[in-house]
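Asker: This is the structure I have questions about; it appears just below.
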Amino acid sequence: MTDANQDEGTPVSVKIRERLQAAKQRFHSNDNIADFIRPGELEALLDEVTDKMKGVLDSMVIDTEHDHNTDNTARRVAKMYLKEVFAGRYVQAPTITEFPNAEHLNELMIVGPITVRSACSHHFCPVIGKIWIGVLPNEHTNVIGLSKYARLAEWIMGRPQIQEEAVVQLADLIQEKTQPDGLAIVMEASHYCMGWRGVKDMDSKMINSVMRGVFLKDSDLRREFLSLIPRRS
Ligand SMILES: [Zn+2]
């Protein structure tokens, strides 16, 4: 029997999971697994998730056969998860060109607000908000274009996330790419699981921050950063 024959009938998600397990790689909801997906498998995964979503709708006793509003919902939801809102799990990191800091910039630089869209890993409800990034470069820091911060944020947020972990993941990524002396990130977001369900409070926002390097040691710098970001609340 050839490999292809042996593979037949094995769901693609099982194959990807086996590779992750063999490599002892974590695959939590906010982990990127692109390295373990082979060409063409994302399309097969889309078919698999569509079938499973169809099963969810069936179990919810929705007549998708006769209800023209939901007859293609399983496919749409599968596509939305894999290719849109959670694409940050399945695609490689955006390519970012880093440049040496030729101008020897060493002043506090603030990027933001960057609009971020994510979903909580508890309910898969939207988490929509803004982030501000403060960077204190040194002469060895790599410089990346302003729009690149937004692309890195989009990649990290495009997974079922927990806000506290999302900002840490983003800080790790920016730290690795640019190696600044200091890095600060503040995220303020509405969690729709608080508005649509739960306490039904649409006005509450969650704010959290990560401080790295000199931002941890220098309280004046920290204050300067926080005073320069124009939050409404
Ligand atoms: Zn939630």
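Here's how to read the names in the structure tokens: chain A, B, ... by the order shown, residue numbers from 1 in each chain, ligand numbers from 1 in the order shown.
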Please report, as a ChimeraX atom specification, each residue of segment 4-221 of chain A to which DSSP assigns strand (DSSP E) when run on this structure's backbone.
Answerer: /A:99-100,109-120,126-136,142-143,160-161,182-191,205-213
Asker: Just want the 9 Å neighbourhood of segment 50-64 of chain A, counted on only C-alpha atoms, with same-chain residues fewer than 2 positions away dropped. Output as number ranges by chain.
Answerer: A: 45-48, 66-79
Asker: Name all residues at most 8 Å from segment 197-210 of chain A (count only C-alpha atoms; drop same-chain ones fewer than 3 positions away) and give them as a CSV table (one decimal) with N, CA, C and O atoms, in the first residue's frame.
Answerer:
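The new file part.csv reads:
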```
chain,number,residue,atom,x,y,z
A,163,GLN,N,-6.4,38.3,26.1
A,163,GLN,CA,-5.7,39.6,25.9
A,163,GLN,C,-4.4,39.7,26.6
A,163,GLN,O,-3.4,40.2,26.0
A,164,GLU,N,-4.3,39.2,27.8
A,164,GLU,CA,-3.0,39.2,28.6
A,164,GLU,C,-1.9,38.5,27.8
A,164,GLU,O,-0.7,38.9,27.8
A,167,VAL,N,-0.8,40.4,24.2
A,167,VAL,CA,0.2,41.5,24.3
A,167,VAL,C,1.6,41.0,24.6
A,167,VAL,O,2.6,41.5,24.1
A,168,VAL,N,1.7,39.9,25.3
A,168,VAL,CA,3.0,39.3,25.6
A,168,VAL,C,3.5,38.7,24.3
A,168,VAL,O,4.7,38.9,24.0
A,171,ALA,N,4.7,41.5,22.2
A,171,ALA,CA,5.9,42.1,22.7
A,171,ALA,C,7.1,41.2,22.3
A,171,ALA,O,8.2,41.7,21.9
A,183,LEU,N,10.6,48.4,25.3
A,183,LEU,CA,9.4,48.2,24.5
A,183,LEU,C,8.2,48.3,25.5
A,183,LEU,O,8.3,47.7,26.6
A,184,ALA,N,7.2,49.0,25.1
A,184,ALA,CA,6.0,49.1,25.9
A,184,ALA,C,4.8,48.9,25.0
A,184,ALA,O,4.8,49.4,23.9
A,185,ILE,N,3.8,48.1,25.5
A,185,ILE,CA,2.6,47.9,24.7
A,185,ILE,C,1.4,48.1,25.6
A,185,ILE,O,1.4,47.5,26.7
A,186,VAL,N,0.5,48.9,25.2
A,186,VAL,CA,-0.8,49.0,25.9
A,186,VAL,C,-1.9,48.6,25.0
A,186,VAL,O,-2.0,49.0,23.8
A,187,MET,N,-2.8,47.8,25.5
A,187,MET,CA,-4.0,47.3,24.7
A,187,MET,C,-5.2,47.6,25.5
A,187,MET,O,-5.3,47.4,26.7
A,188,GLU,N,-6.2,48.2,24.8
A,188,GLU,CA,-7.5,48.5,25.4
A,188,GLU,C,-8.5,47.9,24.4
A,188,GLU,O,-8.5,48.3,23.2
A,189,ALA,N,-9.4,47.1,24.9
A,189,ALA,CA,-10.3,46.4,24.0
A,189,ALA,C,-11.7,46.1,24.7
A,189,ALA,O,-11.8,45.9,25.9
A,190,SER,N,-12.7,46.1,23.8
A,190,SER,CA,-14.0,45.6,24.2
A,190,SER,C,-14.1,44.1,24.0
A,190,SER,O,-13.7,43.7,22.9
A,191,HIS,N,-14.6,43.4,25.0
A,191,HIS,CA,-14.8,42.0,24.8
A,191,HIS,C,-16.3,41.7,24.6
A,191,HIS,O,-17.1,41.9,25.5
A,192,TYR,N,-16.6,41.3,23.4
A,192,TYR,CA,-18.0,41.1,23.1
A,192,TYR,C,-18.7,40.0,23.9
A,192,TYR,O,-19.9,40.0,24.0
A,193,CYS,N,-17.9,39.2,24.5
A,193,CYS,CA,-18.6,38.2,25.3
A,193,CYS,C,-19.1,38.8,26.6
A,193,CYS,O,-19.9,38.2,27.3
A,194,MET,N,-18.7,40.0,26.9
A,194,MET,CA,-19.3,40.8,28.0
A,194,MET,C,-20.6,41.5,27.6
A,194,MET,O,-21.4,41.9,28.4
```
Asker: Could you list, as JSON, numbers by chain, all protein and nucleic acid residues with an atom at most 6 Å from ligand 1, counting only C-alpha atoms and all ligand atoms?
Answerer: {"A": [120, 122, 123, 125, 193]}
Asker: Keeping only N, CA and C atoms, write the selected residues to a file as a PDB file, in the first residue's frame.
Answerer:
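Contents of again_3.pdb, freshly written:
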```
ATOM      1  N   CYS A 120     -11.984  36.110  21.749  1.00  0.00           N
ATOM      2  CA  CYS A 120     -11.546  35.460  22.982  1.00  0.00           C
ATOM      3  C   CYS A 120     -11.572  33.957  22.790  1.00  0.00           C
ATOM      4  N   HIS A 122     -12.243  31.876  25.012  1.00  0.00           N
ATOM      5  CA  HIS A 122     -13.267  31.257  25.856  1.00  0.00           C
ATOM      6  C   HIS A 122     -14.595  31.083  25.121  1.00  0.00           C
ATOM      7  N   HIS A 123     -14.984  32.108  24.355  1.00  0.00           N
ATOM      8  CA  HIS A 123     -16.299  32.080  23.716  1.00  0.00           C
ATOM      9  C   HIS A 123     -16.251  32.235  22.200  1.00  0.00           C
ATOM     10  N   CYS A 125     -15.903  35.006  20.862  1.00  0.00           N
ATOM     11  CA  CYS A 125     -16.595  36.271  20.623  1.00  0.00           C
ATOM     12  C   CYS A 125     -15.545  37.318  20.258  1.00  0.00           C
ATOM     13  N   CYS A 193     -17.932  39.169  24.489  1.00  0.00           N
ATOM     14  CA  CYS A 193     -18.573  38.151  25.341  1.00  0.00           C
ATOM     15  C   CYS A 193     -19.134  38.808  26.605  1.00  0.00           C
TER      16      CYS A 193
END
```
Asker: Could you pull out the residues in chain A that DSSP calls alpha helix (DSSP H) from the backbone, as a PyMOL selection string?
Answerer: chain A and resi 3-7+12-22+41-59+73-79+87-90+146-157+163-178+192-195+214-217+219-228
Asker: Residues within 10 Å of Ile33 of chain A, please, as a list in words. Count only C-alpha atoms; anything in the same chain fewer than 4 positions from it doesn't count.
Answerer: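 Listed by chain and then number, they are Ile16, Arg17, Leu20, Gln25, Arg26, Phe27, His28, Ser29, Ile37, Gly88, Arg89, Tyr90, Val91 and Gln92 of chain A.
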Asker: How about saving the chosen residues, C-alpha atoms kept, as a CSV table (one decimal), in the first residue's frame?
Answerer:
```csv
chain,number,residue,atom,x,y,z
A,16,ILE,CA,-1.3,17.9,11.3
A,17,ARG,CA,-1.9,17.1,15.0
A,20,LEU,CA,2.8,18.7,16.1
A,25,GLN,CA,5.1,21.5,19.6
A,26,ARG,CA,2.3,23.3,21.6
A,27,PHE,CA,-0.9,23.9,19.6
A,28,HIS,CA,-3.1,26.0,21.9
A,29,SER,CA,-5.6,28.3,20.3
A,37,ILE,CA,0.7,22.4,7.4
A,88,GLY,CA,-2.9,34.1,12.3
A,89,ARG,CA,-2.8,30.5,13.4
A,90,TYR,CA,-2.5,29.1,9.9
A,91,VAL,CA,-0.3,31.4,7.9
A,92,GLN,CA,3.4,32.3,8.3
```
Asker: What lies within 6 Å of segment 132-141 of chain A using only C-alpha atoms, ignoring chain neighbours under 4 positions off, as a tab-separated table (two decimals) with all heavy atoms, in the first residue's frame?
Answerer:
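Written file, around.tsv:
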```tsv
chain	number	residue	atom	x	y	z
A	101	ASN	N	19.63	50.82	12.08
A	101	ASN	CA	19.25	52.14	12.56
A	101	ASN	C	20.32	53.16	12.14
A	101	ASN	O	21.12	53.63	12.94
A	101	ASN	CB	19.11	52.08	14.09
A	101	ASN	CG	18.65	53.38	14.70
A	101	ASN	OD1	18.46	54.38	14.03
A	101	ASN	ND2	18.45	53.36	16.01
A	104	HIS	N	20.75	56.42	13.91
A	104	HIS	CA	21.03	56.29	15.35
A	104	HIS	C	19.92	56.89	16.21
A	104	HIS	O	20.18	57.61	17.17
A	104	HIS	CB	22.39	56.91	15.72
A	104	HIS	CG	23.52	56.27	14.97
A	104	HIS	ND1	23.83	54.94	15.08
A	104	HIS	CD2	24.39	56.78	14.07
A	104	HIS	CE1	24.85	54.65	14.28
A	104	HIS	NE2	25.20	55.74	13.65
A	106	ASN	N	17.44	57.41	18.98
A	106	ASN	CA	17.39	56.90	20.35
A	106	ASN	C	16.35	57.63	21.20
A	106	ASN	O	16.49	57.74	22.40
A	106	ASN	CB	18.77	56.93	21.02
A	106	ASN	CG	19.31	58.36	21.09
A	106	ASN	OD1	18.68	59.28	20.60
A	106	ASN	ND2	20.47	58.51	21.70
A	108	LEU	N	12.25	58.17	22.29
A	108	LEU	CA	11.02	57.40	22.43
A	108	LEU	C	10.15	57.57	21.19
A	108	LEU	O	9.88	58.68	20.75
A	108	LEU	CB	10.25	57.87	23.68
A	108	LEU	CG	8.85	57.30	23.88
A	108	LEU	CD1	8.88	55.78	24.03
A	108	LEU	CD2	8.18	57.93	25.10
A	109	MET	N	9.73	56.44	20.64
A	109	MET	CA	8.85	56.47	19.47
A	109	MET	C	7.56	55.75	19.84
A	109	MET	O	7.61	54.70	20.46
A	109	MET	CB	9.56	55.73	18.33
A	109	MET	CG	8.78	55.63	17.06
A	109	MET	SD	9.74	54.71	15.85
A	109	MET	CE	9.17	53.06	16.19
A	110	ILE	N	6.44	56.37	19.48
A	110	ILE	CA	5.15	55.75	19.81
A	110	ILE	C	4.37	55.47	18.54
A	110	ILE	O	4.25	56.36	17.69
A	110	ILE	CB	4.33	56.63	20.77
A	110	ILE	CG1	5.08	56.78	22.10
A	110	ILE	CG2	2.94	56.02	21.02
A	110	ILE	CD1	4.42	57.71	23.08
A	111	VAL	N	3.88	54.25	18.40
A	111	VAL	CA	3.07	53.88	17.25
A	111	VAL	C	1.66	53.58	17.76
A	111	VAL	O	1.50	52.81	18.70
A	111	VAL	CB	3.62	52.62	16.54
A	111	VAL	CG1	2.86	52.35	15.25
A	111	VAL	CG2	5.11	52.75	16.27
A	112	GLY	N	0.68	54.20	17.16
A	112	GLY	CA	-0.69	53.89	17.57
A	112	GLY	C	-1.58	55.11	17.49
A	112	GLY	O	-1.10	56.21	17.21
A	113	PRO	N	-2.87	54.94	17.70
A	113	PRO	CA	-3.47	53.64	17.98
A	113	PRO	C	-3.58	52.77	16.74
A	113	PRO	O	-3.89	53.25	15.67
A	113	PRO	CB	-4.87	54.02	18.49
A	113	PRO	CG	-5.18	55.33	17.85
A	113	PRO	CD	-3.86	56.04	17.71
A	178	THR	N	13.22	43.61	16.43
A	178	THR	CA	13.86	44.93	16.42
A	178	THR	C	14.91	45.14	17.50
A	178	THR	O	15.70	46.08	17.39
A	178	THR	CB	12.79	46.05	16.54
A	178	THR	OG1	12.15	45.96	17.81
A	178	THR	CG2	11.74	45.95	15.45
A	179	GLN	N	14.92	44.33	18.55
A	179	GLN	CA	15.93	44.43	19.62
A	179	GLN	C	16.09	45.85	20.19
A	179	GLN	O	17.21	46.36	20.24
A	179	GLN	CB	17.30	43.95	19.09
A	179	GLN	CG	17.31	42.57	18.46
A	179	GLN	CD	17.17	41.45	19.48
A	179	GLN	OE1	17.58	41.59	20.62
A	179	GLN	NE2	16.55	40.36	19.08
A	180	PRO	N	15.01	46.48	20.62
A	180	PRO	CA	15.16	47.82	21.19
A	180	PRO	C	15.64	47.75	22.64
A	180	PRO	O	15.64	46.69	23.26
A	180	PRO	CB	13.72	48.37	21.15
A	180	PRO	CG	12.87	47.15	21.31
A	180	PRO	CD	13.62	46.01	20.67
A	181	ASP	N	16.02	48.90	23.19
A	181	ASP	CA	16.39	48.97	24.62
A	181	ASP	C	15.15	48.83	25.49
A	181	ASP	O	15.22	48.34	26.61
A	181	ASP	CB	17.05	50.32	24.93
A	181	ASP	CG	18.53	50.32	24.59
A	181	ASP	OD1	19.03	49.24	24.21
A	181	ASP	OD2	19.15	51.37	24.69
A	182	GLY	N	14.05	49.35	24.96
A	182	GLY	CA	12.82	49.29	25.73
A	182	GLY	C	11.63	49.13	24.82
A	182	GLY	O	11.63	49.60	23.68
A	183	LEU	N	10.62	48.43	25.33
A	183	LEU	CA	9.41	48.20	24.55
A	183	LEU	C	8.23	48.25	25.50
A	183	LEU	O	8.27	47.66	26.58
A	183	LEU	CB	9.50	46.82	23.87
A	183	LEU	CG	8.28	46.36	23.08
A	183	LEU	CD1	8.04	47.25	21.87
A	183	LEU	CD2	8.48	44.91	22.62
A	184	ALA	N	7.20	49.00	25.10
A	184	ALA	CA	5.99	49.09	25.92
A	184	ALA	C	4.78	48.90	25.02
A	184	ALA	O	4.75	49.42	23.91
A	184	ALA	CB	5.93	50.45	26.59
A	185	ILE	N	3.83	48.12	25.48
A	185	ILE	CA	2.60	47.94	24.70
A	185	ILE	C	1.42	48.10	25.64
A	185	ILE	O	1.40	47.55	26.74
A	185	ILE	CB	2.55	46.53	24.05
A	185	ILE	CG1	3.73	46.35	23.09
A	185	ILE	CG2	1.23	46.35	23.29
A	185	ILE	CD1	3.75	45.01	22.39
A	186	VAL	N	0.45	48.90	25.20
A	186	VAL	CA	-0.82	49.02	25.93
A	186	VAL	C	-1.93	48.59	25.00
A	186	VAL	O	-1.96	49.00	23.83
A	186	VAL	CB	-1.05	50.47	26.42
A	186	VAL	CG1	-2.49	50.64	26.92
A	186	VAL	CG2	-0.09	50.83	27.54
```
Asker: To one decimal in Å, tell me the separation between atom CA of Ala44 of chain A and atom CA of Pro11 of chain A.
Answerer: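 Distance reported for this atom pair: 8.6 Å.
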Asker: Restricting the calculation to only C-alpha atoms, which member of A:Ser121, A:Asn142, A:Gln169, A:Ser147 is positioned closest to Asn32 of chain A?
Answerer: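 So, comparing all the options, the nearest one is A:Gln169.
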Asker: Rank nothing, just name the residue among A:Leu216, A:Ile128, A:Ala93, A:Leu82 nearest to Lys177 of chain A, using only C-alpha atoms.
Answerer: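 With only C-alpha atoms as the atom set, the closest residue is A:Ala93.
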Asker: For the atom pair atom CA of Asp172 of chain A and atom CA of Arg212 of chain A, what is the interatomic distance in Å to one decimal place?
Answerer: 9.5 Å
Asker: Between A:Asp218, A:Ala23, A:Val85, A:Leu105, single out the one closest to Pro160 of chain A, counting only C-alpha atoms.
Answerer: A:Val85
Asker: Name the residues in contact with Gly145 of chain A at a cut-off of 9 Å, using only C-alpha atoms, excluding same-chain residues fewer than 2 positions from it; report them as a VMD selection string.
Answerer: chain A and resid 96 to 99 143 147 to 149
Asker: With only C-alpha atoms as the atoms that count, which of A:Glu8, A:Glu84, A:Glu65, A:Glu41 lies nearest to Glu154 of chain A?
Answerer: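 Using only C-alpha atoms, the shortest distance to Glu154 of chain A belongs to A:Glu84.
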Asker: Let me make sure I understand: among A:Pro230, A:Arg19, A:Thr115, A:Asn30, which one has the smallest atom-to-atom distance to Ala166 of chain A if we use only C-alpha atoms?
Answerer: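 Closest candidate: A:Asn30.
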Asker: Which of these, A:Ile144, A:Asp35, A:Gly129, A:Gln175, has the shortest distance to Met157 of chain A once you count only C-alpha atoms?
Answerer: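 Looking at the shortest contact to Met157 of chain A, the residue is A:Gly129.
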